[in-house]
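Peer 1: Supplied in structure tokens, the structure appears directly below.
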Amino acid sequence: MEKDILVRMQEDLERALKKPAEKRRWVMLLDTRKCTNCNACSVACASENKLPPKMWYRPVFEIEQGKYPNIKRLSLPKPCLQCDNPPCVAACPVKGADGATWKETKGIGNGVVPVNYAKCIGCAKCVPACPYTARTMDNGAFHTAGTPELMKYETVASFEYGKNWPRQGKNQPIGNVRKCHFCMHRLANGMLPQCITSCICRMGYFGDENDPESLVAQVIKANRAKIQILKKEKGTKPRVYYLGNIDLKAFHGYF
Amino acid sequence: MADDNKKQKNGVSRRDFLRTSALVGCGALVASQLDFAQGLIARVEAGELTPFEAYELMKAENTLYTVCLNCNTGCGIKVKIMEGVAVKVDGNPYNPFTLHPHIPMKEDLDKAAKIDGAICPKGQAGHQGAYDPYRIRKVLKRAGKRGEGKWMSVPFDQAVSEIVNGGMLFAHVPGEEMRHVAGLKEIMALRDPAVFDEMGKDIASLRKKKTPEEKKKAVEEFKVKHAANLDKLIDPDHPDFGPKNNQFVYWWGRKKGGRADFAKRFTEQFGTVNTHGHTTVCQGSLYFACKAMSEQYVGDTFKDGQKFYWQPDTENSEYILFVGSNLFDANYGPPNRTPRLMSRLVEGKVKITVLDPRFSKLAAKGNRWVPVKPGTDAAFAMGMTRWILENKQFDAKYLANCNKAAATADKETTWSNGPWLVKLDKDGKPGAFLRASEIGLKDKETRKDKDGKDFTFEYLVAMKDGKPVPFDPNDEKEAVEGELFVTRELTDKEGKPVKVKSALQVMLETSQEKSIAEYAKICGIEPKVIEDVAREFTSYGKKAAVDVHRGPAQHTNGFYNISSLMNLNLLVGNFDWTGGMIAASTFNVDGTKTDKQPFNFKKITPKAPKAFGLSIIRHDAKYEESTLFTGKESYPAKRNWWPLSSDVYEEILPSMADAYPYPIKAVFSYMGTPAYSLPAGHTMIEALVNLERIPLYFANDITIGTTTMYADYVFPDFHYMERWEMQGSHPNMPVKVQPVRQPVIASPNEVVKVFGEEQPISYETLWLALAEKLGIAGFGPDGFAPGQPLTRPDDFYVRMVANLANDGKEPVPDASQAEIELFLKARRHLPKSVFDADRWQRISGGNWAKVVTVLNRGGRFDTQEASYKGDHVANKYGKQINLYQEKTYKVKDAFTGKHYLGMAKYVPIADTLDRPPVEQSKGYDLHLITQRDVKMCKSRTITNQYLTDLMPENAIIINTVDAKRLGLKEGQKVKVVSATNPEGVWDLKNGTKKPMVGKVKVTETIRPGIVTFTLGHGHWATGAADVLIDGKLIKGDPKRAGGIHANAAMWIDPHLKNTCMIDKVGGSVSFYDTKVRLVKV
């Protein structure tokens, strides 16, 4: 029988990583027809990236349509869409090749919009600039704050961007803006983003769109006409595509 | 090692880093100033990198495999460790619950460490339960009244001594100065196994006496014969209550294999019959209806039914009718079933129909949604049955088979009793099956069983070519097929007429008691829907299945809802077929399966006295056989009797409060909260604060919980990441498995000494300490055999793992030296009191390398390929299945004295005296049901902040039409009230009344007239309440009290008065039958 798509896509990823970075095009395809709004992705991501309370790199939204008994329930997970034309970058005052946030064109993160915590001044100007509310300020909170004991699992380091970020004192990224980065630190090590591997519905596809053998490229090809882009009119050119059996504009008011 | 230490200090060596990322990483890391990953390499080369800057979570040495228990699905997990702490949880790729197909066990550990299987949000958040700041770490003893929230920490040894020896244990509590508490030593009154044996035999024969007079006489004879030991009995006038030992009651909530065996080793030696689980709060009537369907014809009677159930082979079914089973939120469970269904559903390879008053997540993905009224599932099933039988859309070939030989000839592995002849009583009602000897067709025989013991065998009868033919249902040689629809009058040996019908004829006529239109009206749907669904269901051959779970089970008519729905599966004969109904299959751990297993627990467990007497919940016993039954005037019984069910959770505490059938003296509870989880759970609190009826209550919990807050002593337990257990499987899993839960992190609990061994306090430690002080055999330095100690948890469980490794045709391969080293390295953070490699190796004897292979993979798992053979599943049920239930028929209702029905049908909702709930419905306009959300289990996930952050509270969910009618708006606060809780509160019996108030959520996704809420919120303990420990105030976390828990609104049975409504036959509690009103706050 065929491999679990999580295994297949990891093999696709390993193959992609052998190519020169500039030949790859990381994309994500989210098939909302399969999403059940379980939030496994939200929690997996929060745990992996040590997100404080009320910060979700990948929230899931749910809507219902119609009148009883003719109804639809739809849910839509929303990571950072890693726009090719990112309004958040334009809004950031720390400009330049060595700036705080930019559209990466090289290396493992080619295609991702990263944040350089060392350069980010915490001005939050990028937050309202994102049409997808994908950016959140880190207020330094902890999940076990206010209880009898702050727990160690919250303070040990996370690995965002392949660096070591112990969550203690005023360490970065506390005070910085934070966002989804396609789990670059995992990609660099041949592992899929957490939201993909944690998807019990297998609604998420990730990989190199330029590799015709990759599952994500094949699913995109097979569904080319049905692909939906969130807030397409904004001209942001996202790297995250959607499939759905309704017009996903229905979600636009939610973020 | 020296080299390793250096690395730890100075950082990862370049060579190490490159090796771990060599498979894929390096080629990808091309030069770019802004590429962080590239920067990483540069820093490795410069020797600047600390160990944690490399991606530690992908390393096999930081990855430990175990099993989740944030719900009972028990998915395999990998726990990723940093600085000795669990920081991340993902799915174990070796375990088929998280990948489909999973990777085979031969796959190496470095590769597996990089493959994350998918688990649900509860599993992802699981470590937050381990690192819950509200966990207790020392033994707490009650310093105030029960439930008052005042505690003192006491030394473990002191607490155990007090429980064993009893005394004036609570003299420090006002009002209890003079209260003497009996200890376990006193309760364990009878110790002589010979007396146990003799008394037990006499009680068994006493129960068989036909009349009350004969029984009375037998009691007198018993008293004379056992005069010397009458003081050991609870009540010499009712010797069938058994010895005083039965006055120790142990019950549990979520307990799995391994821990279950550990406790049994103690309780069997203690000699109590009172060990009870929680099944009926979950889906008891599903288990016990399937037990009734799986009863086998042995000799001349039905026995050996399995407490289990079937589910569809989700990945191969082409049509599934889901009835009240919510597999995207619950239902054992989302991570394993969703990948087997979702893509096929989207691709149109499987069609599903969902019966549920809610437009559940499953219904939302389904092809057809049928919003039936709650509790009418059997009406739908009987409508389908009628259509299928009348339109001859059943598998006639399958149903004609009377026995194994006939089934085998058709490549069937199961067969029904559809063609068997059932005798009718004088009113024409079906009773027992006809035995061939009764009509002089074939005499009974004396046969020998496996052990060479004689037993009587009676042939059964079917009709073939118009003539009765005798058959043996288990005959493997002589195939007998029978006519399906038979109504006949035969003559018995004396020439008297015997009216008979085939079981299928009984089914047909039962289904015809109502028209399809009438059934549809009961369900609140259009008749055409029943016909359409019946047509669809019978259009896919054996690749169609009916999947049932809590929905139909948790009603007063649960048993017959389940039986009638399961019978549909029999009509298409889909059992053991690919895409049909399948059963769970697990590898053995107790060493009784094969000779190759090194530790046969039967042989290394001392023989226990045979416990006897009625249990406090009166299970496995007929009322009429007890000394409490004196004739027809004894109906209705005070409480129910349960010959067909066990682990009847709702009976335990109220039976104690009623002292029915007898008073108890000491109670021990483990990982369960009946006060929170049962309908009308507040009745449990009433029982718990009753000092007279529950004189001593000690509990094992990881926090002060919603039930354990009423305990006299609370002993800290391990979180599931700290302990051992054998998780087993679920019936939707075709792969044979045995996931092993093992310690992957250290426990915060106080380290104590038992049998001279240092260990953190846990469930096992408590049993060991009780055994030590009571002198219970089978524990201690010579527990397994001279020189073979059972003084620590691992003594027990490492043996089980060795057995597991050696089960089956082939044992698992030996771990290589490198794998053994990895095994040790991955456990470097565990203290010796938890992990002692030398000891484990010693315990496992020559099996160490195999034990390592299993533990390195979190259990033992067969391959996907081995799980199917042709058109059948490889792991078969392979036995007879009852369409008509003779054993059920033979039981009389303890309240009415009437026989239970042998043939399933629609039975309306009723109280224990069979009265419809008319009075309690008056003035209450909404029908209350409950549901699960995948983000919450019932009680324990409230401690996980990722989950409460996502879902700070639940809601009172109603249809737009009802909201409009009641003038309610989204977010508005309302109180839930019912006829048996008009105040709408949880009376905590400590001066606090917690109102059942929640926020309204208005939706189209529910049938009008129905109101629901998700389970898991609205706690009053488990960290939600302030407590005083050693005089210090520990403030509760208000997040844990968020939302509403409306179980206390659920109806109390008017006859029982201190218990929710119940399914008298199958044991389930009524979760979905109550009418409520919403009151604006």
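Every chain in the structure tokens takes a letter, A first, then B, and so on in the order presented; its residues are numbered from 1, and the ligands are numbered from 1 following the presented order.
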Stretch 141-155 of chain B: which residues within 10 Å, counting only C-alpha atoms, same-chain residues fewer than 5 positions away excluded, as a PyMOL selection string?
Peer 2: chain B and resi 136+160+169-176+685+688-691+697-698+704+706-715+750+752+988-992+1021+1025-1033
Peer 1: Taking only C-alpha atoms into account and nothing else, which residues of chain A lie no more than 6 Å away from chain B? Please answer as a ChimeraX atom specification.
Peer 2: /A:4,14,17-18,39-40,43-44,67-68,73,107,148-149,153,161-164,188-190,197-201
Peer 1: In stretch 6-118 of chain A, what's alpha helix (DSSP H) per DSSP? Answer as a PyMOL selection string?
Peer 2: chain A and resi 6-17+40-48+87-91
Peer 1: For those residues, write C-alpha atoms to a file as a PDB file, in the first residue's frame.
Peer 2:
ATOM      1  CA  LEU A   6       3.730  12.294   5.977  1.00  0.00           C
ATOM      2  CA  VAL A   7       6.433   9.798   5.052  1.00  0.00           C
ATOM      3  CA  ARG A   8       6.101  10.466   1.344  1.00  0.00           C
ATOM      4  CA  MET A   9       6.424  14.226   1.843  1.00  0.00           C
ATOM      5  CA  GLN A  10       9.452  13.769   4.087  1.00  0.00           C
ATOM      6  CA  GLU A  11      11.108  11.825   1.293  1.00  0.00           C
ATOM      7  CA  ASP A  12      10.131  14.615  -1.115  1.00  0.00           C
ATOM      8  CA  LEU A  13      11.735  17.063   1.282  1.00  0.00           C
ATOM      9  CA  GLU A  14      14.967  15.102   1.471  1.00  0.00           C
ATOM     10  CA  ARG A  15      15.121  15.100  -2.299  1.00  0.00           C
ATOM     11  CA  ALA A  16      14.453  18.831  -2.461  1.00  0.00           C
ATOM     12  CA  LEU A  17      17.182  19.551   0.037  1.00  0.00           C
ATOM     13  CA  ALA A  40      -3.519  19.636  16.622  1.00  0.00           C
ATOM     14  CA  CYS A  41      -1.480  21.884  14.344  1.00  0.00           C
ATOM     15  CA  SER A  42      -2.033  24.910  16.559  1.00  0.00           C
ATOM     16  CA  VAL A  43      -0.832  23.109  19.672  1.00  0.00           C
ATOM     17  CA  ALA A  44       2.016  21.253  17.973  1.00  0.00           C
ATOM     18  CA  CYS A  45       3.313  24.562  16.654  1.00  0.00           C
ATOM     19  CA  ALA A  46       2.898  26.354  19.975  1.00  0.00           C
ATOM     20  CA  SER A  47       4.744  23.587  21.767  1.00  0.00           C
ATOM     21  CA  GLU A  48       7.512  23.323  19.172  1.00  0.00           C
ATOM     22  CA  PRO A  87       3.112  44.050   3.162  1.00  0.00           C
ATOM     23  CA  CYS A  88       4.653  43.386   6.583  1.00  0.00           C
ATOM     24  CA  VAL A  89       8.153  43.780   5.172  1.00  0.00           C
ATOM     25  CA  ALA A  90       7.196  47.091   3.633  1.00  0.00           C
ATOM     26  CA  ALA A  91       5.920  48.273   7.020  1.00  0.00           C
TER      27      ALA A  91
END
Peer 1: I need the residues in stretch 635-752 of chain B that are strand (DSSP E) according to DSSP; give them as a list in words.
Peer 2: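 Taking stretch 635-752 of chain B and keeping strand (DSSP E) gives Ala666, Val667, Phe668, Ser669, Tyr670, Leu696, Tyr697, Phe698, Ala699, Asn700, Asp701, Tyr713, Val714, Phe715, Pro716, Glu725, Met726, Val737, Gln738, Pro739, Val740, Arg741, Val751 and Val752 of chain B.
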Peer 1: The selected residues should be written to file as a CSV table (one decimal), in the first residue's frame (atoms: C-alpha atoms).
Peer 2:
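Contents of again_30.csv, freshly written:
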chain,number,residue,atom,x,y,z
B,666,ALA,CA,-13.0,1.0,53.4
B,667,VAL,CA,-12.8,2.3,49.9
B,668,PHE,CA,-9.8,2.9,47.6
B,669,SER,CA,-10.2,4.8,44.4
B,670,TYR,CA,-7.8,5.1,41.5
B,696,LEU,CA,-12.6,5.2,55.3
B,697,TYR,CA,-11.8,6.5,51.8
B,698,PHE,CA,-8.3,6.7,50.5
B,699,ALA,CA,-7.4,7.6,46.9
B,700,ASN,CA,-4.7,7.7,44.4
B,701,ASP,CA,-4.6,10.8,42.2
B,713,TYR,CA,-6.0,10.4,52.3
B,714,VAL,CA,-4.8,11.2,48.8
B,715,PHE,CA,-1.6,9.4,47.6
B,716,PRO,CA,0.2,11.0,44.7
B,725,GLU,CA,1.1,0.3,31.5
B,726,MET,CA,0.1,-2.0,28.7
B,737,VAL,CA,-0.3,-4.3,18.7
B,738,GLN,CA,0.7,-3.9,22.3
B,739,PRO,CA,1.8,-0.4,23.0
B,740,VAL,CA,3.9,-0.1,26.2
B,741,ARG,CA,3.7,2.9,28.4
B,751,VAL,CA,10.8,9.2,47.3
B,752,VAL,CA,10.0,6.7,50.0
Peer 1: Measuring between only C-alpha atoms, which one of A:Glu2, A:Lys50, A:Val27, A:Gln82 shows the shortest distance to A:Leu192?
Peer 2: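 When distances to A:Leu192 are compared using only C-alpha atoms, the smallest one comes from A:Val27.
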Peer 1: Write out as a PyMOL selection string the residues lying within 10 Å of B:Val486, counting only C-alpha atoms and excluding same-chain residues fewer than 2 positions away.
Peer 2: chain B and resi 419-422+462-464+466+482-484+488-489+500-506
Peer 1: In Å, with one decimal, what is the gap from atom CA of A:Tyr205 to atom CA of A:Ala134?
Peer 2: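 Atom CA of A:Ala134 lies at a distance of 19.3 Å from atom CA of A:Tyr205.
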Peer 1: Counting only C-alpha atoms, what is within 8 Å of A:Thr32, bar same-chain residues fewer than 3 positions away, as an NGL selection string?
Peer 2: :A and (35 or 74-77 or 203 or 242-245)
